[in-house]
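Student: Structure below; questions to follow.
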Amino acid sequence: MTLDRRIVLGGGLALAACDRRADAQIPGGQTPVAIPPLRSAAAFPVGVCVQEEQLGDPSLVPLIASQISQVTPEWEMKMEYIVKDDGSFRFEAPDRIAAFAKANGMRLFGHTLIWYAQVPGAFERLDEKRAKFADAYRNYILAVAGRYRGQAVGWDVVNEAVAEDGNGWRDSLWSKKLGKLRHMVLAFQHAREADPDAVLFLNDYNLENLPKKRATFMKLVEALLKAGAPIGGVGTQTHLAADLAPGEITRALKDLASLGLAVHVSEMDVSLTRSRGVLKDRNKLPAGQSRLYAEAAEAFSSLPAAQRFAFTHWGLRDKDSWLKRENPADAPLLFDDAGRPKAAAAAWIGGLRA
Ligand code: 9MR
């Protein structure tokens, strides 16, 4: 671990006095702690997701710049942003995020090319003719992955392909038009054509808490490789609930690493409000959250160095989290709303190994 001993509070920001009102904003009675920057504490790239509008936030930008070495666009590199109603593309927001990454010496990670959940009308309206659809599919992947060629270090090429319960693979417009396995093989091949150097990922969630889903995910990776898909890595989103049992993350990461590919913890957060009730005492959830962050850091650190692609947090401050947008009582990230490191941040750093 290349530990930079500079100790920061709130990512080098002027720390607001910890008066009682500020303390009261921290859920579960957590108090701010002193930590070295995440990016210098870890021996691997540390990522975060960003939205274009956050690049104008004068308190968030220095926090990202001091803590982070890789950025993933949270939604503006997806079809929902890029594909306009007439089928043409726009790139203003992802271009700005890519420029921000470059200006700050950070890696850029592309997310995501093909996702069952994103089906633009322009694709739905294409002629029934399969050839036309296949051309548009290839053209999209070439345009998007090709645009960031030479900058994006990797891409989530296919996102969330495994069925919710782990039974088989999901249906989507893409699978209906191009075939269940074939649309994924094509996506990887087109992404490789667009960018010969980016590491290409299959990415999914609930791989820690649902071993059956993990097994299906791993079988899918093998099937894709066998069919000629140039997969270079596996992404585990790691959206967890704070009462997940100890050991699950470690088992999942070991299992996934046994494929021999690069591993990306791609979207970690630990929800306090989505817990399934194993921990009955809500006051214990922040401790559970810290424990899971520590376990994730330790398990990821224990993987062979060559397989540790990056560890991405799905936001830094609680107030920027998609989970908090869904439930204001949640506090799933390493930094509080004011950008001060929580106990979870110290726990994550404490779990890192050389
Ligand atoms: O956090 C993202 C949220 O801001 C977007 O509105 C949403 C749809 O684009 O996607 C969220 O991120 C998801 C990620 O892309 C894939 N895994 C699940 C994440 C949380 O829903």
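Chain labels run A, B, ... following the order of the structure tokens; each chain numbers its residues from 1, and ligands are numbered from 1 in the order shown.
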Please list as an MDAnalysis selection string every residue within 10 Å of region 320-335 of chain A, counting only C-alpha atoms and excluding residues in the same chain fewer than 6 positions away.

Tutor: chainID A and resid 10:11 26:28 32:33 49:51 54 60 63 74 239:242 268:274 286 289:290 293 313:314 341:348

Student: Using only C-alpha atoms, which residues sit within 12 Å of Asp86 (chain A) once same-chain residues fewer than 4 positions away are excluded, as an MDAnalysis selection string?

Tutor: chainID A and resid 82 90 120:126

Student: Produce a file of the selected residues containing all heavy atoms, as a compact mmCIF listing (two decimals), in the first residue's frame.

Tutor:
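The result, stored in again-v6.txt:
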# COMPACT_ATOMS: atom_id res chain seq x y z
N ILE A 82 -27.31 9.73 -24.61
CA ILE A 82 -26.64 9.88 -25.91
C ILE A 82 -27.60 9.82 -27.10
O ILE A 82 -27.47 10.59 -28.05
CB ILE A 82 -25.52 8.81 -26.05
CG1 ILE A 82 -24.41 9.11 -25.03
CG2 ILE A 82 -24.96 8.79 -27.48
CD1 ILE A 82 -23.29 8.07 -25.00
N ARG A 90 -25.75 12.64 -29.06
CA ARG A 90 -25.16 13.86 -28.46
C ARG A 90 -24.14 13.42 -27.41
O ARG A 90 -24.31 12.40 -26.73
CB ARG A 90 -26.23 14.76 -27.85
CG ARG A 90 -27.00 14.09 -26.73
CD ARG A 90 -27.94 15.05 -26.04
NE ARG A 90 -28.69 14.31 -25.02
CZ ARG A 90 -29.28 14.86 -23.97
NH1 ARG A 90 -29.24 16.16 -23.81
NH2 ARG A 90 -29.93 14.11 -23.10
N PRO A 120 -33.92 3.08 -26.27
CA PRO A 120 -34.41 4.33 -26.87
C PRO A 120 -35.46 4.06 -27.94
O PRO A 120 -35.38 3.07 -28.67
CB PRO A 120 -33.15 4.93 -27.51
CG PRO A 120 -31.99 4.21 -26.93
CD PRO A 120 -32.49 2.86 -26.53
N GLY A 121 -36.43 5.00 -28.03
CA GLY A 121 -37.48 4.89 -29.03
C GLY A 121 -36.90 4.74 -30.44
O GLY A 121 -37.44 4.00 -31.26
N ALA A 122 -35.79 5.42 -30.69
CA ALA A 122 -35.20 5.38 -32.03
C ALA A 122 -34.84 3.94 -32.41
O ALA A 122 -34.92 3.57 -33.58
CB ALA A 122 -33.97 6.27 -32.09
N PHE A 123 -34.44 3.13 -31.45
CA PHE A 123 -34.13 1.72 -31.73
C PHE A 123 -35.41 0.91 -31.85
O PHE A 123 -35.52 0.03 -32.71
CB PHE A 123 -33.24 1.13 -30.63
CG PHE A 123 -31.76 1.36 -30.86
CD1 PHE A 123 -31.10 2.43 -30.27
CD2 PHE A 123 -31.04 0.51 -31.67
CE1 PHE A 123 -29.74 2.64 -30.47
CE2 PHE A 123 -29.68 0.71 -31.89
CZ PHE A 123 -29.03 1.79 -31.29
N GLU A 124 -36.39 1.21 -31.00
CA GLU A 124 -37.65 0.47 -31.06
C GLU A 124 -38.34 0.66 -32.40
O GLU A 124 -38.99 -0.25 -32.90
CB GLU A 124 -38.58 0.94 -29.94
CG GLU A 124 -38.25 0.34 -28.60
CD GLU A 124 -39.15 0.89 -27.50
OE1 GLU A 124 -39.48 2.08 -27.54
OE2 GLU A 124 -39.50 0.12 -26.61
N ARG A 125 -38.18 1.84 -32.95
CA ARG A 125 -38.90 2.16 -34.19
C ARG A 125 -38.21 1.67 -35.45
O ARG A 125 -38.74 1.83 -36.54
CB ARG A 125 -39.12 3.68 -34.28
CG ARG A 125 -40.16 4.21 -33.29
CD ARG A 125 -40.52 5.65 -33.58
NE ARG A 125 -39.37 6.52 -33.45
CZ ARG A 125 -38.99 7.10 -32.30
NH1 ARG A 125 -39.69 6.90 -31.20
NH2 ARG A 125 -37.92 7.87 -32.25
N LEU A 126 -37.02 1.11 -35.30
CA LEU A 126 -36.31 0.63 -36.50
C LEU A 126 -37.11 -0.46 -37.19
O LEU A 126 -37.83 -1.21 -36.56
CB LEU A 126 -34.94 0.06 -36.12
CG LEU A 126 -33.81 1.06 -35.96
CD1 LEU A 126 -32.55 0.34 -35.51
CD2 LEU A 126 -33.53 1.79 -37.26

Student: Could you tell me, as a ChimeraX atom specification, which residues of region 117-175 of chain A DSSP assigns to helix (DSSP H, G or I) when given the backbone?

Tutor: /A:121-124,130-147,173-175

Student: Would you pick out the contacts of region 184-199 of chain A at 6 Å or less, using only C-alpha atoms, so that residues sharing its chain but fewer than 2 positions from it are not included, and give the list as a list of chain:residue names?

Tutor: A:Leu142, A:Ala145, A:Gly146, A:Arg149, A:Val153, A:Gly154, A:Leu181, A:Arg182, A:Ala229, A:Pro230, A:Gly232

Student: Restricted to all heavy atoms, what would the selected residues look like written as a compact mmCIF listing (two decimals), in the first residue's frame?

Tutor:
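Ended up saving to out_17.txt:
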# COMPACT_ATOMS: atom_id res chain seq x y z
N LEU A 142 -19.73 1.48 -32.01
CA LEU A 142 -18.53 2.05 -32.64
C LEU A 142 -18.43 3.55 -32.35
O LEU A 142 -17.35 4.07 -32.04
CB LEU A 142 -18.54 1.83 -34.15
CG LEU A 142 -18.30 0.41 -34.66
CD1 LEU A 142 -18.19 0.39 -36.18
CD2 LEU A 142 -17.04 -0.19 -34.05
N ALA A 145 -17.93 3.95 -28.06
CA ALA A 145 -16.63 3.46 -27.56
C ALA A 145 -15.49 4.05 -28.39
O ALA A 145 -14.40 4.30 -27.86
CB ALA A 145 -16.60 1.93 -27.58
N GLY A 146 -15.75 4.29 -29.68
CA GLY A 146 -14.71 4.87 -30.55
C GLY A 146 -14.38 6.31 -30.16
O GLY A 146 -13.24 6.75 -30.25
N ARG A 149 -11.89 6.27 -27.38
CA ARG A 149 -10.74 5.40 -27.64
C ARG A 149 -9.45 6.12 -27.25
O ARG A 149 -9.27 7.30 -27.56
CB ARG A 149 -10.72 5.07 -29.12
CG ARG A 149 -9.53 4.30 -29.57
CD ARG A 149 -9.67 4.04 -31.07
NE ARG A 149 -8.47 3.39 -31.56
CZ ARG A 149 -8.42 2.62 -32.63
NH1 ARG A 149 -9.51 2.40 -33.34
NH2 ARG A 149 -7.30 2.06 -33.00
N VAL A 153 -10.26 3.63 -20.05
CA VAL A 153 -9.42 2.46 -19.75
C VAL A 153 -10.24 1.17 -19.81
O VAL A 153 -9.69 0.08 -19.90
CB VAL A 153 -8.76 2.56 -18.35
CG1 VAL A 153 -7.66 3.60 -18.36
CG2 VAL A 153 -9.80 2.85 -17.27
N GLY A 154 -11.55 1.31 -19.73
CA GLY A 154 -12.39 0.13 -19.79
C GLY A 154 -13.83 0.54 -20.05
O GLY A 154 -14.18 1.73 -19.98
N LEU A 181 -27.58 -14.87 -26.57
CA LEU A 181 -26.13 -14.84 -26.36
C LEU A 181 -25.48 -13.96 -27.42
O LEU A 181 -24.56 -13.20 -27.13
CB LEU A 181 -25.56 -16.26 -26.42
CG LEU A 181 -24.08 -16.37 -26.02
CD1 LEU A 181 -23.90 -16.10 -24.53
CD2 LEU A 181 -23.51 -17.75 -26.36
N ARG A 182 -26.02 -14.06 -28.64
CA ARG A 182 -25.36 -13.39 -29.77
C ARG A 182 -25.28 -11.88 -29.61
O ARG A 182 -24.28 -11.25 -29.96
CB ARG A 182 -26.09 -13.76 -31.07
CG ARG A 182 -25.34 -13.31 -32.30
CD ARG A 182 -25.84 -14.00 -33.57
NE ARG A 182 -25.35 -13.28 -34.73
CZ ARG A 182 -25.99 -12.25 -35.28
NH1 ARG A 182 -27.16 -11.86 -34.80
NH2 ARG A 182 -25.46 -11.63 -36.32
N ALA A 229 -16.30 -13.77 -27.49
CA ALA A 229 -16.41 -12.39 -26.98
C ALA A 229 -15.12 -12.00 -26.27
O ALA A 229 -14.67 -12.73 -25.39
CB ALA A 229 -17.59 -12.27 -26.02
N PRO A 230 -14.53 -10.87 -26.65
CA PRO A 230 -13.26 -10.46 -26.03
C PRO A 230 -13.45 -9.82 -24.65
O PRO A 230 -13.16 -8.64 -24.46
CB PRO A 230 -12.69 -9.47 -27.05
CG PRO A 230 -13.89 -8.89 -27.72
CD PRO A 230 -14.95 -9.98 -27.74
N GLY A 232 -12.53 -8.88 -21.00
CA GLY A 232 -11.28 -8.75 -20.26
C GLY A 232 -11.50 -8.65 -18.77
O GLY A 232 -10.54 -8.74 -17.99

Student: So, with only C-alpha atoms as the atoms that count, which of A:Leu316, A:Val157, A:Ala354, A:Leu261 lies closest to Ala338 (chain A)?

Tutor: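 Smallest distance to Ala338 (chain A) is found for A:Leu316.
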
Student: Find, counting only C-alpha atoms, the residue in A:Ile141, A:Ile64, A:Leu113, A:Ala257 that gets nearest to Pro304 (chain A).

Tutor: A:Ala257

Student: Do a neighbour search on His183 (chain A) at 10 Å with only C-alpha atoms, toss out local chain neighbours closer than 5 positions, and write the hits as JSON, numbers by chain.

Tutor: {"A": [114, 134, 137, 158, 173, 174, 175, 176, 177, 178, 188, 189]}

Student: Could you name the residues that touch Arg107 (chain A) at 12 Å or less, counting only C-alpha atoms, but leaving out those on the same chain fewer than 5 positions away, as number ranges by chain?

Tutor: A: 39, 44-49, 65, 68-73, 97-102, 148, 150-155, 198, 309-310, 312

Student: Just the residues within 12 Å of Gly166 (chain A), please, counting only C-alpha atoms, with nothing from its chain fewer than 6 positions along; format it as a PyMOL selection string.

Tutor: chain A and resi 160+204-207+209-220

Student: Pick out the closest residue to ligand 1 from this set: A:Phe91, A:Trp169, A:Trp115, A:Phe109. Count only C-alpha atoms and all ligand atoms.

Tutor: A:Trp115

Student: Taking only C-alpha atoms and all ligand atoms into account, which of A:Gly110, A:Gly168, A:Gly351, A:Pro58 comes nearest ligand 1?

Tutor: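 For ligand 1, the nearest of the candidates is A:Gly110.
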
Student: Which one of A:Gly235, A:Gly350, A:Pro246, A:Gly288 sits closest to ligand 1 if you count only C-alpha atoms and all ligand atoms?

Tutor: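 For ligand 1, the nearest of the candidates is A:Gly235.
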
Student: Write down as a VMD selection string the residues of region 71-316 of chain A whose backbone DSSP state falls under strand (DSSP E or B).

Tutor: chain A and resid 71 to 73 83 89 107 to 115 152 to 159 162 169 199 to 204 233 to 236 239 to 241 262 to 271 308 to 313
